[in-house]
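One file, final.csv, carrying CSV, C-alpha atoms and all ligand atoms:
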chain,number,residue,atom,x,y,z
A,1,MET,CA,121.5,167.6,75.5
A,2,GLN,CA,119.8,164.3,76.0
A,3,ALA,CA,121.2,160.8,76.4
A,4,ILE,CA,119.6,157.4,76.7
A,5,VAL,CA,120.6,155.9,80.0
A,6,GLN,CA,120.5,152.4,81.5
A,7,ASP,CA,120.4,152.4,85.3
A,8,SER,CA,119.1,148.9,86.0
A,9,TYR,CA,119.0,145.4,84.5
A,10,ASN,CA,115.2,145.6,83.9
A,11,GLY,CA,115.4,145.6,80.2
A,12,ILE,CA,114.3,147.8,77.3
A,13,ASP,CA,111.3,149.4,79.1
A,14,ALA,CA,113.5,150.6,82.0
A,15,LEU,CA,115.6,152.9,79.8
A,16,THR,CA,115.4,156.6,80.6
A,17,LEU,CA,116.1,159.8,78.7
A,18,ALA,CA,118.4,162.0,80.8
A,19,THR,CA,119.3,165.6,80.3
A,20,ARG,CA,123.0,166.2,80.6
A,21,PRO,CA,125.4,169.1,80.0
A,22,THR,CA,126.8,169.3,76.5
A,23,PRO,CA,130.3,167.7,76.9
A,24,LYS,CA,133.2,170.2,77.0
A,25,LEU,CA,136.2,169.8,74.8
A,26,LEU,CA,139.0,169.7,77.4
A,27,ASN,CA,141.2,166.9,76.0
A,28,PRO,CA,143.3,168.2,73.1
A,29,LEU,CA,143.1,164.8,71.4
A,30,ALA,CA,139.3,164.7,71.4
A,31,VAL,CA,136.7,166.0,68.9
A,32,ARG,CA,133.1,166.9,69.7
A,33,VAL,CA,130.6,165.2,67.4
A,34,GLU,CA,127.0,166.2,66.8
A,35,THR,CA,125.3,162.9,66.6
A,36,HIS,CA,123.1,162.2,63.6
A,37,TYR,CA,122.6,158.4,63.8
A,38,THR,CA,123.3,155.5,66.1
A,39,PRO,CA,122.8,151.8,65.3
A,40,VAL,CA,120.4,149.8,67.5
A,41,MET,CA,122.2,146.6,68.3
A,42,PRO,CA,121.4,143.3,70.1
A,43,TYR,CA,124.5,144.1,72.3
A,44,ASP,CA,122.5,147.0,73.8
A,45,VAL,CA,119.5,144.9,74.7
A,46,LEU,CA,121.7,142.1,76.1
A,47,THR,CA,123.5,144.6,78.3
A,48,GLU,CA,120.1,146.1,79.4
A,49,THR,CA,118.8,142.7,80.5
A,50,GLY,CA,122.1,141.7,82.3
A,51,GLN,CA,122.8,138.8,79.9
A,52,LEU,CA,126.3,140.2,79.1
A,53,LYS,CA,127.3,140.8,82.8
A,54,GLN,CA,130.1,138.2,82.5
A,55,ARG,CA,131.5,139.3,79.1
A,56,ARG,CA,130.8,143.0,79.5
A,57,PRO,CA,130.8,144.0,83.1
A,58,VAL,CA,129.5,147.6,83.5
A,59,LYS,CA,129.0,150.0,86.4
A,60,LEU,CA,125.5,151.5,86.1
A,61,PRO,CA,124.3,154.0,85.1
A,62,ILE,CA,125.7,153.9,81.6
A,63,VAL,CA,124.8,155.7,78.4
A,64,VAL,CA,123.5,153.0,75.9
A,65,GLY,CA,125.0,152.4,72.5
A,66,TYR,CA,128.2,151.5,70.7
A,67,GLY,CA,128.4,153.2,67.3
A,68,PHE,CA,127.6,156.6,65.9
A,69,GLY,CA,127.5,158.7,62.8
A,70,GLY,CA,127.7,162.5,63.0
A,71,ILE,CA,129.4,165.7,62.2
A,72,VAL,CA,132.5,167.0,63.9
A,73,ARG,CA,131.7,170.4,65.4
A,74,GLU,CA,134.8,171.1,67.6
A,75,VAL,CA,138.3,169.9,67.2
A,76,GLY,CA,141.0,169.4,69.9
A,77,GLN,CA,144.3,171.2,69.4
A,78,LEU,CA,146.2,168.0,68.7
A,79,ARG,CA,143.7,166.8,66.0
A,80,HIS,CA,143.8,167.8,62.4
A,81,PRO,CA,141.8,171.0,61.8
A,82,ARG,CA,140.4,169.5,58.6
A,83,LEU,CA,138.1,167.4,60.8
A,84,HIS,CA,136.0,170.4,61.5
A,85,ASN,CA,132.5,169.9,59.9
A,86,GLN,CA,133.7,166.5,58.7
A,87,PRO,CA,131.0,163.7,58.6
A,88,VAL,CA,132.4,160.8,60.6
A,89,ILE,CA,131.5,157.4,62.0
A,90,GLY,CA,132.9,155.9,65.1
A,91,ILE,CA,132.9,153.6,68.1
A,92,GLN,CA,132.1,155.2,71.5
A,93,LEU,CA,133.0,152.7,74.2
A,94,THR,CA,131.4,154.9,76.9
A,95,GLY,CA,128.0,154.9,75.1
A,96,SER,CA,126.9,156.6,71.9
A,97,HIS,CA,123.1,157.2,72.3
A,98,GLN,CA,123.5,160.9,73.1
A,99,GLU,CA,123.0,164.1,71.1
A,100,GLN,CA,126.6,165.2,71.4
A,101,LEU,CA,129.6,163.2,72.2
A,102,LEU,CA,133.4,163.5,72.7
A,103,SER,CA,135.4,161.1,70.7
A,104,ALA,CA,138.8,160.9,72.3
A,105,LEU,CA,140.4,157.8,70.7
A,106,PRO,CA,141.6,158.7,67.1
A,107,PRO,CA,141.7,155.1,65.9
A,108,LEU,CA,138.0,154.8,66.6
A,109,LEU,CA,136.9,157.7,64.4
A,110,PHE,CA,136.6,157.4,60.6
A,111,PRO,CA,135.9,160.1,58.0
A,112,VAL,CA,133.0,159.3,55.7
A,113,PRO,CA,133.7,159.5,52.0
A,114,GLN,CA,131.8,162.3,50.2
A,115,SER,CA,129.5,160.0,48.2
A,116,VAL,CA,128.4,157.9,51.1
A,117,SER,CA,125.4,159.0,53.2
A,118,LEU,CA,125.9,159.3,56.9
A,119,ALA,CA,123.1,156.9,57.6
A,120,ASP,CA,124.6,154.2,55.3
A,121,ALA,CA,128.0,154.8,56.8
A,122,THR,CA,126.7,154.3,60.3
A,123,THR,CA,125.6,150.8,59.5
A,124,VAL,CA,129.3,149.9,59.2
A,125,ILE,CA,129.7,150.1,63.0
A,126,GLY,CA,128.6,146.8,64.5
A,127,GLY,CA,127.5,145.5,61.1
A,128,ALA,CA,130.0,145.5,58.2
A,129,ASP,CA,132.9,145.5,60.7
A,130,ALA,CA,131.6,142.3,62.4
A,131,ALA,CA,130.9,140.7,59.0
A,132,TYR,CA,134.4,141.5,57.8
A,133,PHE,CA,135.9,140.2,61.0
A,134,ALA,CA,133.9,136.9,60.6
A,135,LEU,CA,135.0,136.6,56.9
A,136,LYS,CA,138.6,137.0,57.9
A,137,LYS,CA,138.3,134.7,60.9
A,138,ALA,CA,136.7,132.0,58.7
A,139,GLN,CA,139.6,132.3,56.2
A,140,LEU,CA,137.3,131.7,53.3
A,141,THR,CA,138.8,131.6,49.9
A,142,ALA,CA,137.3,132.1,46.4
A,143,GLY,CA,135.2,129.1,45.2
A,144,GLU,CA,134.3,127.9,48.7
A,145,THR,CA,130.7,127.6,49.9
A,146,VAL,CA,129.6,129.4,53.1
A,147,LEU,CA,126.2,128.9,54.8
A,148,ILE,CA,125.2,131.9,56.9
A,149,THR,CA,122.4,131.9,59.5
A,150,GLY,CA,121.0,135.2,60.6
A,151,ALA,CA,121.7,136.4,57.1
A,152,THR,CA,119.0,139.1,57.1
A,153,GLY,CA,120.4,141.0,60.1
A,154,SER,CA,122.8,143.9,60.1
A,155,VAL,CA,125.9,141.7,60.2
A,156,GLY,CA,124.4,139.1,57.9
A,157,THR,CA,123.4,141.4,55.1
A,158,TYR,CA,127.0,142.6,54.9
A,159,LEU,CA,128.4,139.1,55.3
A,160,VAL,CA,126.4,137.8,52.4
A,161,GLN,CA,127.8,140.6,50.2
A,162,LEU,CA,131.4,140.3,51.5
A,163,ALA,CA,131.5,136.6,50.9
A,164,ARG,CA,130.3,137.1,47.4
A,165,LEU,CA,132.9,139.8,46.8
A,166,ALA,CA,135.5,137.3,48.0
A,167,GLY,CA,134.3,134.9,45.3
A,168,CYS,CA,132.4,132.5,47.6
A,169,HIS,CA,129.2,130.7,47.0
A,170,VAL,CA,126.6,131.8,49.6
A,171,ILE,CA,123.7,129.9,51.1
A,172,ALA,CA,121.7,132.1,53.4
A,173,VAL,CA,119.2,131.2,56.1
A,174,GLY,CA,116.4,133.7,56.8
A,175,HIS,CA,112.7,134.3,57.2
A,176,SER,CA,110.7,133.7,54.1
A,177,SER,CA,109.6,137.3,53.9
A,178,ARG,CA,113.2,138.3,53.3
A,179,HIS,CA,113.9,135.8,50.5
A,180,SER,CA,114.2,138.4,47.7
A,181,LEU,CA,116.4,140.7,49.9
A,182,LEU,CA,118.9,137.8,50.3
A,183,THR,CA,118.8,137.0,46.7
A,184,GLU,CA,119.4,140.6,45.7
A,185,LEU,CA,122.4,140.7,48.1
A,186,GLY,CA,124.0,137.8,46.3
A,187,ALA,CA,122.8,134.6,48.0
A,188,GLU,CA,122.7,131.7,45.5
A,189,GLN,CA,120.4,129.7,47.7
A,190,VAL,CA,118.0,130.9,50.4
A,191,LEU,CA,116.7,128.6,53.2
A,192,ASP,CA,113.6,129.5,55.2
A,193,TYR,CA,114.2,128.7,58.9
A,194,ASN,CA,110.5,128.0,59.4
A,195,ARG,CA,110.6,125.0,57.1
A,196,PRO,CA,112.5,121.8,57.7
A,197,LEU,CA,116.1,122.7,56.7
A,198,GLU,CA,117.2,119.2,55.9
A,199,GLU,CA,114.7,119.1,53.0
A,200,GLN,CA,115.7,122.5,51.6
A,201,LEU,CA,119.4,122.0,51.7
A,202,THR,CA,120.3,120.5,48.3
A,203,THR,CA,124.0,120.2,48.9
A,204,THR,CA,126.2,119.0,51.7
A,205,THR,CA,129.3,120.6,50.1
A,206,VAL,CA,129.6,123.4,52.6
A,207,ASP,CA,133.0,124.5,53.6
A,208,GLN,CA,132.0,126.8,56.4
A,209,LEU,CA,128.9,127.5,58.5
A,210,ILE,CA,128.8,131.0,60.0
A,211,ASP,CA,126.2,131.5,62.7
A,212,LEU,CA,124.8,135.0,63.4
A,213,ALA,CA,121.4,133.8,64.6
A,214,GLY,CA,122.4,132.3,67.9
A,215,ASN,CA,119.9,129.5,67.7
A,216,ALA,CA,121.4,126.2,68.9
A,217,SER,CA,118.6,124.0,67.5
A,218,LEU,CA,118.9,125.6,64.1
A,219,LEU,CA,122.7,124.8,64.2
A,220,ASP,CA,121.9,121.2,65.3
A,221,HIS,CA,119.6,120.7,62.3
A,222,LEU,CA,122.0,122.2,59.8
A,223,SER,CA,125.0,120.4,61.1
A,224,ALA,CA,123.2,117.1,61.2
A,225,ARG,CA,122.6,117.4,57.5
A,226,LEU,CA,126.1,118.7,56.7
A,227,GLY,CA,128.3,116.3,58.6
A,228,PRO,CA,131.9,117.4,59.0
A,229,VAL,CA,131.8,121.2,58.7
A,230,ASN,CA,133.6,124.1,60.3
A,231,ILE,CA,131.3,126.2,62.4
A,232,LEU,CA,132.0,129.8,63.4
A,233,SER,CA,129.6,131.7,65.6
A,234,LEU,CA,129.5,135.3,66.6
A,235,ALA,CA,126.4,134.7,68.7
A,236,LEU,CA,126.6,131.4,70.7
A,237,PRO,CA,129.7,131.3,73.0
A,238,ASP,CA,128.8,127.9,74.5
A,239,TYR,CA,127.5,125.8,71.5
A,240,GLN,CA,128.5,122.1,71.6
A,241,PRO,CA,128.4,120.6,68.1
A,242,ALA,CA,126.7,117.2,67.9
A,243,PHE,CA,129.5,115.5,66.0
A,244,PRO,CA,133.1,115.3,67.1
A,245,GLU,CA,134.3,115.9,63.5
A,246,GLN,CA,132.7,119.4,63.5
A,247,ALA,CA,135.1,122.1,64.5
A,248,PHE,CA,133.3,124.9,66.4
A,249,THR,CA,134.7,128.3,67.2
A,250,PHE,CA,133.0,131.3,68.9
A,251,ALA,CA,134.7,134.5,68.0
A,252,SER,CA,134.4,138.1,69.1
A,253,GLY,CA,136.8,140.7,67.8
A,254,THR,CA,137.7,143.9,66.0
A,255,ILE,CA,139.1,144.9,62.6
A,256,MET,CA,141.8,147.4,61.8
A,257,PRO,CA,141.3,151.1,61.1
A,258,GLY,CA,142.4,150.4,57.5
A,259,ASP,CA,139.6,147.8,57.2
A,260,TYR,CA,137.0,150.5,58.1
A,261,ARG,CA,138.4,152.7,55.4
A,262,TRP,CA,138.2,149.8,52.9
A,263,LEU,CA,134.6,149.1,53.9
A,264,LEU,CA,133.6,152.7,53.5
A,265,ASP,CA,135.3,152.8,50.1
A,266,GLN,CA,133.2,149.7,49.1
A,267,LEU,CA,130.1,151.7,50.0
A,268,ALA,CA,131.4,154.6,48.0
A,269,THR,CA,131.9,152.5,44.9
A,270,GLY,CA,128.7,150.6,45.3
A,271,ALA,CA,130.4,147.3,45.7
A,272,LEU,CA,128.6,147.1,49.1
A,273,THR,CA,125.1,148.2,49.9
A,274,ALA,CA,123.9,149.3,53.3
A,275,VAL,CA,120.6,147.8,54.3
A,276,ILE,CA,118.6,150.0,56.7
A,277,GLN,CA,115.4,148.4,58.1
A,278,GLU,CA,114.0,151.5,59.8
A,279,GLN,CA,114.9,154.9,61.1
A,280,LEU,CA,113.3,156.2,64.3
A,281,PRO,CA,113.9,159.3,66.4
A,282,PHE,CA,116.2,158.6,69.4
A,283,THR,CA,113.4,159.5,71.8
A,284,ALA,CA,111.6,156.3,70.5
A,285,VAL,CA,114.5,154.1,71.5
A,286,LYS,CA,112.2,151.6,73.3
A,287,THR,CA,110.1,151.1,70.2
A,288,ALA,CA,113.3,150.7,68.1
A,289,GLN,CA,114.7,148.1,70.5
A,290,HIS,CA,111.3,146.2,70.6
A,291,HIS,CA,111.3,146.2,66.8
A,292,LEU,CA,114.8,144.8,66.9
A,293,MET,CA,113.7,141.9,69.1
A,294,THR,CA,110.3,141.2,67.5
A,295,GLU,CA,110.3,142.1,63.8
A,296,HIS,CA,112.0,140.1,61.1
A,297,SER,CA,115.3,141.8,60.4
A,298,ALA,CA,116.2,143.5,57.1
A,299,GLY,CA,119.5,145.1,58.0
A,300,ARG,CA,120.0,147.7,60.7
A,301,ILE,CA,117.6,149.9,62.7
A,302,LEU,CA,119.0,153.4,63.2
A,303,LEU,CA,118.1,156.1,65.8
A,304,THR,CA,118.1,159.6,64.3
A,305,TYR,CA,119.1,162.8,66.0
A,306,GLN,CA,119.2,166.4,64.7
A,307,GLN,CA,116.3,165.8,62.3
A,308,GLU,CA,116.9,169.0,60.2
A,309,ALA,CA,120.6,168.5,60.1
A,310,ASN,CA,120.1,165.0,58.7
A,311,ASN,CA,119.4,166.6,55.3
A,312,TYR,CA,123.0,167.9,55.4
A,313,VAL,CA,124.8,167.8,52.1
A,314,HIS,CA,128.5,167.0,52.6
A,315,GLU,CA,130.9,169.6,51.3
A,316,PRO,CA,134.5,169.2,52.2
A,317,ASN,CA,135.4,171.6,55.1
A,318,ASP,CA,132.3,173.6,54.8
B,401,LIG,N1,131.1,138.5,68.4
B,401,LIG,C1,131.1,139.7,67.8
B,401,LIG,O1,132.2,140.3,67.7
B,401,LIG,C2,129.8,140.3,67.4
B,401,LIG,C3,129.7,141.5,66.7
B,401,LIG,C4,128.5,141.9,66.3
B,401,LIG,C5,127.4,141.1,66.5
B,401,LIG,N2,127.5,140.0,67.1
B,401,LIG,C6,126.3,139.1,67.3
B,401,LIG,O2,126.0,138.6,66.0
B,401,LIG,C7,124.6,138.4,66.0
B,401,LIG,C8,124.0,139.1,64.8
B,401,LIG,O3,124.1,140.5,65.1
B,401,LIG,P1,123.1,141.5,64.2
B,401,LIG,O4,123.5,142.9,64.7
B,401,LIG,O5,123.2,141.2,62.8
B,401,LIG,O6,121.7,141.2,64.8
B,401,LIG,P2,120.3,141.4,64.0
B,401,LIG,O7,120.4,142.5,63.1
B,401,LIG,O8,119.3,141.4,65.1
B,401,LIG,O9,120.1,140.0,63.2
B,401,LIG,C9,119.9,138.8,63.8
B,401,LIG,C10,119.6,137.8,62.8
B,401,LIG,O10,119.5,136.5,63.4
B,401,LIG,C11,118.2,135.9,63.0
B,401,LIG,N3,117.6,135.2,64.1
B,401,LIG,C12,117.5,135.6,65.4
B,401,LIG,N4,116.9,134.6,66.1
B,401,LIG,C13,116.7,133.6,65.3
B,401,LIG,C14,116.2,132.3,65.5
B,401,LIG,N5,115.7,131.9,66.7
B,401,LIG,N6,116.1,131.5,64.4
B,401,LIG,C15,116.6,131.9,63.2
B,401,LIG,N7,117.1,133.1,63.0
B,401,LIG,C16,117.2,133.9,64.0
B,401,LIG,C17,117.4,137.1,62.6
B,401,LIG,O11,116.3,136.7,61.8
B,401,LIG,P3,114.8,137.3,62.2
B,401,LIG,O12,114.9,138.7,62.3
B,401,LIG,O13,113.9,136.8,61.0
B,401,LIG,O14,114.4,136.6,63.5
B,401,LIG,C18,118.4,138.0,62.0
B,401,LIG,O15,118.6,137.5,60.6
B,401,LIG,C19,124.0,138.8,67.4
B,401,LIG,O16,124.0,137.7,68.2
B,401,LIG,C20,125.1,139.8,67.9
B,401,LIG,O17,125.1,139.9,69.3
B,401,LIG,C21,128.7,139.5,67.6
What would you get if you wrote out this structure as structure tokens?
Amino acid sequence: MQAIVQDSYNGIDALTLATRPTPKLLNPLAVRVETHYTPVMPYDVLTETGQLKQRRPVKLPIVVGYGFGGIVREVGQLRHPRLHNQPVIGIQLTGSHQEQLLSALPPLLFPVPQSVSLADATTVIGGADAAYFALKKAQLTAGETVLITGATGSVGTYLVQLARLAGCHVIAVGHSSRHSLLTELGAEQVLDYNRPLEEQLTTTTVDQLIDLAGNASLLDHLSARLGPVNILSLALPDYQPAFPEQAFTFASGTIMPGDYRWLLDQLATGALTAVIQEQLPFTAVKTAQHHLMTEHSAGRILLTYQQEANNYVHEPND
């Protein structure tokens, strides 16, 4: 089987495809998953360029990637036999961009409901989960107004929807080409980050600014117009707000297994929609990561594996 490997800090173009033995199921708590999708995340690119060395020290070489969606093909003796042939999503802390993987931590594996496609479900990892974390961290309540930068990205497209589900008013910042996407997701006002934001912002009644764009000057412009406002960023650890009355928090964290089940249920009922920008074969990982860095986002880019199997129709325990 093949895996995408980082063995230097020379960035996207230094990634390599390595052939490795198919992992053997020796741990009775593990399951072997045939990978179908993995999300392409800024976290991968930041690790490849060494920008996360402080916050995420790694010993090279590593397999790239964080999340996966796939089908369980082998089940350890201490796991439930019902998992066999079950579509799942999960977090693989040792790297997910590989054709087969062993998932050995039960709380990091989530069965996908029958009516949710595996591709859609995969966008929950590193997308909906981070958005839900941000929503909880911000302690938003119904009727409040939240302004979201980076709203067109994988986390942002979910955060706009989750904030609306929580009864909040949403002002979204994104590129003009993504205006209709943001409106369809529930944003009541959309600001184009290429035009002066001060002119576009018609209200200063914003309870919370959530930053997913990681652009300090964008935050400076918005906060200058807003005055006292709580700012939560998932992207800028060291931002210094210009005004002392602005409370700034950087946060990084996780949600509970039950939260993942809730998010998947929202996809099943249609209360949440997964936004997928593009799907590319895993062998085109460099192209996919360049697209992540250079194209205007519209949700998540996914790498695909097992092309034929991706047409798989989910039958319980088939
Ligand atoms: N702390 C945590 O726990 C956690 C978890 C997940 C993600 N994150 C971070 O959250 C951020 C969003 O993640 P993601 O997966 O949603 O990334 P993404 O899909 O690449 O989306 C990034 C978003 O930011 C916008 N953006 C980027 N640079 C910008 C700039 N200079 N000015 C204005 N907008 C800009 C993008 O718009 P365009 O595409 O139009 O440029 C896009 O809407 C990333 O920084 C990621 O590392 C943190």
List the neighbours of region 6-17 of chain A out to 12 Å using all atoms listed in the file; skip same-chain residues closer than 2 positions along the sequence, and give me the result as an mmCIF file with C-alpha atoms, keeping the file's coordinate frame.
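Writing done, so here's out.cif:
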data_model
loop_
_atom_site.group_PDB
_atom_site.id
_atom_site.type_symbol
_atom_site.label_atom_id
_atom_site.label_comp_id
_atom_site.auth_asym_id
_atom_site.auth_seq_id
_atom_site.Cartn_x
_atom_site.Cartn_y
_atom_site.Cartn_z
ATOM 1 C CA MET A 1 121.500 167.600 75.500
ATOM 2 C CA GLN A 2 119.800 164.300 76.000
ATOM 3 C CA ALA A 3 121.200 160.800 76.400
ATOM 4 C CA ILE A 4 119.600 157.400 76.700
ATOM 5 C CA THR A 19 119.300 165.600 80.300
ATOM 6 C CA ARG A 20 123.000 166.200 80.600
ATOM 7 C CA VAL A 40 120.400 149.800 67.500
ATOM 8 C CA PRO A 42 121.400 143.300 70.100
ATOM 9 C CA TYR A 43 124.500 144.100 72.300
ATOM 10 C CA ASP A 44 122.500 147.000 73.800
ATOM 11 C CA VAL A 45 119.500 144.900 74.700
ATOM 12 C CA LEU A 46 121.700 142.100 76.100
ATOM 13 C CA THR A 47 123.500 144.600 78.300
ATOM 14 C CA GLU A 48 120.100 146.100 79.400
ATOM 15 C CA THR A 49 118.800 142.700 80.500
ATOM 16 C CA GLY A 50 122.100 141.700 82.300
ATOM 17 C CA GLN A 51 122.800 138.800 79.900
ATOM 18 C CA LEU A 52 126.300 140.200 79.100
ATOM 19 C CA LYS A 53 127.300 140.800 82.800
ATOM 20 C CA PRO A 57 130.800 144.000 83.100
ATOM 21 C CA VAL A 58 129.500 147.600 83.500
ATOM 22 C CA LYS A 59 129.000 150.000 86.400
ATOM 23 C CA LEU A 60 125.500 151.500 86.100
ATOM 24 C CA PRO A 61 124.300 154.000 85.100
ATOM 25 C CA ILE A 62 125.700 153.900 81.600
ATOM 26 C CA VAL A 63 124.800 155.700 78.400
ATOM 27 C CA VAL A 64 123.500 153.000 75.900
ATOM 28 C CA GLY A 65 125.000 152.400 72.500
ATOM 29 C CA GLY A 95 128.000 154.900 75.100
ATOM 30 C CA HIS A 97 123.100 157.200 72.300
ATOM 31 C CA GLN A 98 123.500 160.900 73.100
ATOM 32 C CA GLU A 99 123.000 164.100 71.100
ATOM 33 C CA PHE A 282 116.200 158.600 69.400
ATOM 34 C CA THR A 283 113.400 159.500 71.800
ATOM 35 C CA ALA A 284 111.600 156.300 70.500
ATOM 36 C CA VAL A 285 114.500 154.100 71.500
ATOM 37 C CA LYS A 286 112.200 151.600 73.300
ATOM 38 C CA THR A 287 110.100 151.100 70.200
ATOM 39 C CA ALA A 288 113.300 150.700 68.100
ATOM 40 C CA GLN A 289 114.700 148.100 70.500
ATOM 41 C CA HIS A 290 111.300 146.200 70.600
ATOM 42 C CA HIS A 291 111.300 146.200 66.800
ATOM 43 C CA LEU A 292 114.800 144.800 66.900
ATOM 44 C CA MET A 293 113.700 141.900 69.100
#
As a PyMOL selection string, please: the residues near region 116-125 of chain A (cut-off 7 Å, all atoms listed in the file, same-chain neighbours under 5 positions excluded).
chain A and resi 37-39+67-69+87+89-91+264+267-268+274+300
Distance limit 8 Å, reference ligand LIG 401 (chain B), atoms considered: all atoms listed in the file. Which residues make the cut? Give them as a PyMOL selection string.
chain A and resi 41-43+46+126-127+129-131+133+149-157+173-175+178+193+211-215+218+233-236+250-254+292-301
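Across A:Leu302, A:Ala128, A:Leu29, A:Val146, the tightest approach to Val75 (chain A) is made by A:Leu29 when counting all atoms listed in the file.
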Mind giving me the straight-line distance from CA of Ser223 (chain A) to CA of Gly167 (chain A) in Å, one decimal?
23.4 Å
Rank A:Ile276, A:Ala134, A:Val31, A:Ala163 by their smallest atom-to-atom distance to Leu83 (chain A), using only C-alpha atoms, and report the top residue only.
A:Val31
